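Participant: Sharing a structure with you now.
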Amino acid sequence: MGMFKDLKKLSDQGKEMSKKSGKPTSMMGMLKDTPNQISQATAAVDDAMALQEDMQAQQALLQTGTLAAGTIKTFQDTGALVNFNPQVVIELDVEAEGQDPYTVQTTTTVPQTMLAQLQPGNKLALRVDPSNNQSIAIDWARFGQV
């Protein structure tokens, strides 16, 4: 009789896990959930492609953008990691040649070695898109050269 009690206990645990996760654990349930799983996988791929495009745009801006300096006003960790680097939202006061100072907010990843530099009042080297001054890239390689 002990074996049947153990099987019943395992079955009950599986049902409880299914309820908590909100996903089916039976074979038929998983087969029925396949379209949902495909949709989630497609969304993940779309997110990864958008992230890749953003990274390429940032790299291009670092090559072609106008030199500028930004003073950190605020920053907030998003809780996300990109290639093991934390993603943050930074608000900066931007000073670019030929433009009045302005404020911009951007979401970016911060190299682990630069985390300690994220302090209000610290200056960052920037590159600004000449056609859209709200589009900036932080030039971490030039930190301290502002």
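Please note that chains go A, B, ... in the order of the structure tokens, that every chain numbers its residues from 1, and that ligands are numbered from 1 in the order shown.
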I'd like the contact shell of Glu91 (chain A) - 9 Å cut-off, only C-alpha atoms, skipping same-chain residues fewer than 5 positions apart - returned as a PDB file with C-alpha atoms, in the first residue's frame.
Facilitator:
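Everything below was put into selection22.pdb:
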ATOM      1  CA  THR A  71      26.309  65.117 -15.784  1.00  0.00           C
ATOM      2  CA  ILE A  72      24.438  62.349 -13.975  1.00  0.00           C
ATOM      3  CA  LYS A  73      21.295  63.648 -12.273  1.00  0.00           C
ATOM      4  CA  THR A  74      19.716  60.321 -11.310  1.00  0.00           C
ATOM      5  CA  PHE A  75      19.964  56.666 -12.147  1.00  0.00           C
ATOM      6  CA  GLN A  76      17.879  53.598 -11.414  1.00  0.00           C
ATOM      7  CA  THR A 103      18.154  66.965 -19.983  1.00  0.00           C
ATOM      8  CA  VAL A 104      17.844  63.492 -21.452  1.00  0.00           C
ATOM      9  CA  GLN A 105      16.856  60.130 -20.029  1.00  0.00           C
ATOM     10  CA  THR A 106      18.269  56.937 -21.508  1.00  0.00           C
ATOM     11  CA  THR A 107      18.262  53.232 -20.755  1.00  0.00           C
TER      12      THR A 107
END
Participant: Considering only strand (DSSP E) as DSSP defines it on the backbone, what residues of chain A qualify? List them as an MDAnalysis selection string.
Facilitator: chainID A and resid 66:82 85:96 102:109 123:129 132:138
Participant: Do a neighbour search on Thr66 (chain A) at 8 Å with only C-alpha atoms, toss out local chain neighbours closer than 2 positions, and write the hits as a PDB file with C-alpha atoms, in the first residue's frame.
Facilitator:
ATOM      1  CA  THR A  64      29.673  59.180 -35.797  1.00  0.00           C
ATOM      2  CA  ALA A  68      29.291  65.959 -25.613  1.00  0.00           C
ATOM      3  CA  ALA A  96      26.987  69.743 -26.417  1.00  0.00           C
ATOM      4  CA  ARG A 127      28.112  61.015 -28.293  1.00  0.00           C
ATOM      5  CA  VAL A 128      24.949  62.738 -29.467  1.00  0.00           C
ATOM      6  CA  ASP A 129      23.052  62.108 -32.688  1.00  0.00           C
ATOM      7  CA  PRO A 130      23.241  65.439 -34.602  1.00  0.00           C
TER       8      PRO A 130
END
Participant: Please report, as number ranges by chain, each residue of region 15-93 of chain A to which DSSP assigns alpha helix (DSSP H) when run on this structure's backbone.
Facilitator: A: 15-21, 27-32, 34-64
Participant: Of the candidates A:Leu67, A:Leu7, A:Leu124, A:Ile90, which shows the shortest atom-to-atom distance to Ala141 (chain A), using only C-alpha atoms?
Facilitator: A:Leu124
Participant: So, with only C-alpha atoms as the atoms that count, which of A:Gly70, A:Met55, A:Ala125, A:Ser131 lies closest to Thr109 (chain A)?
Facilitator: A:Met55
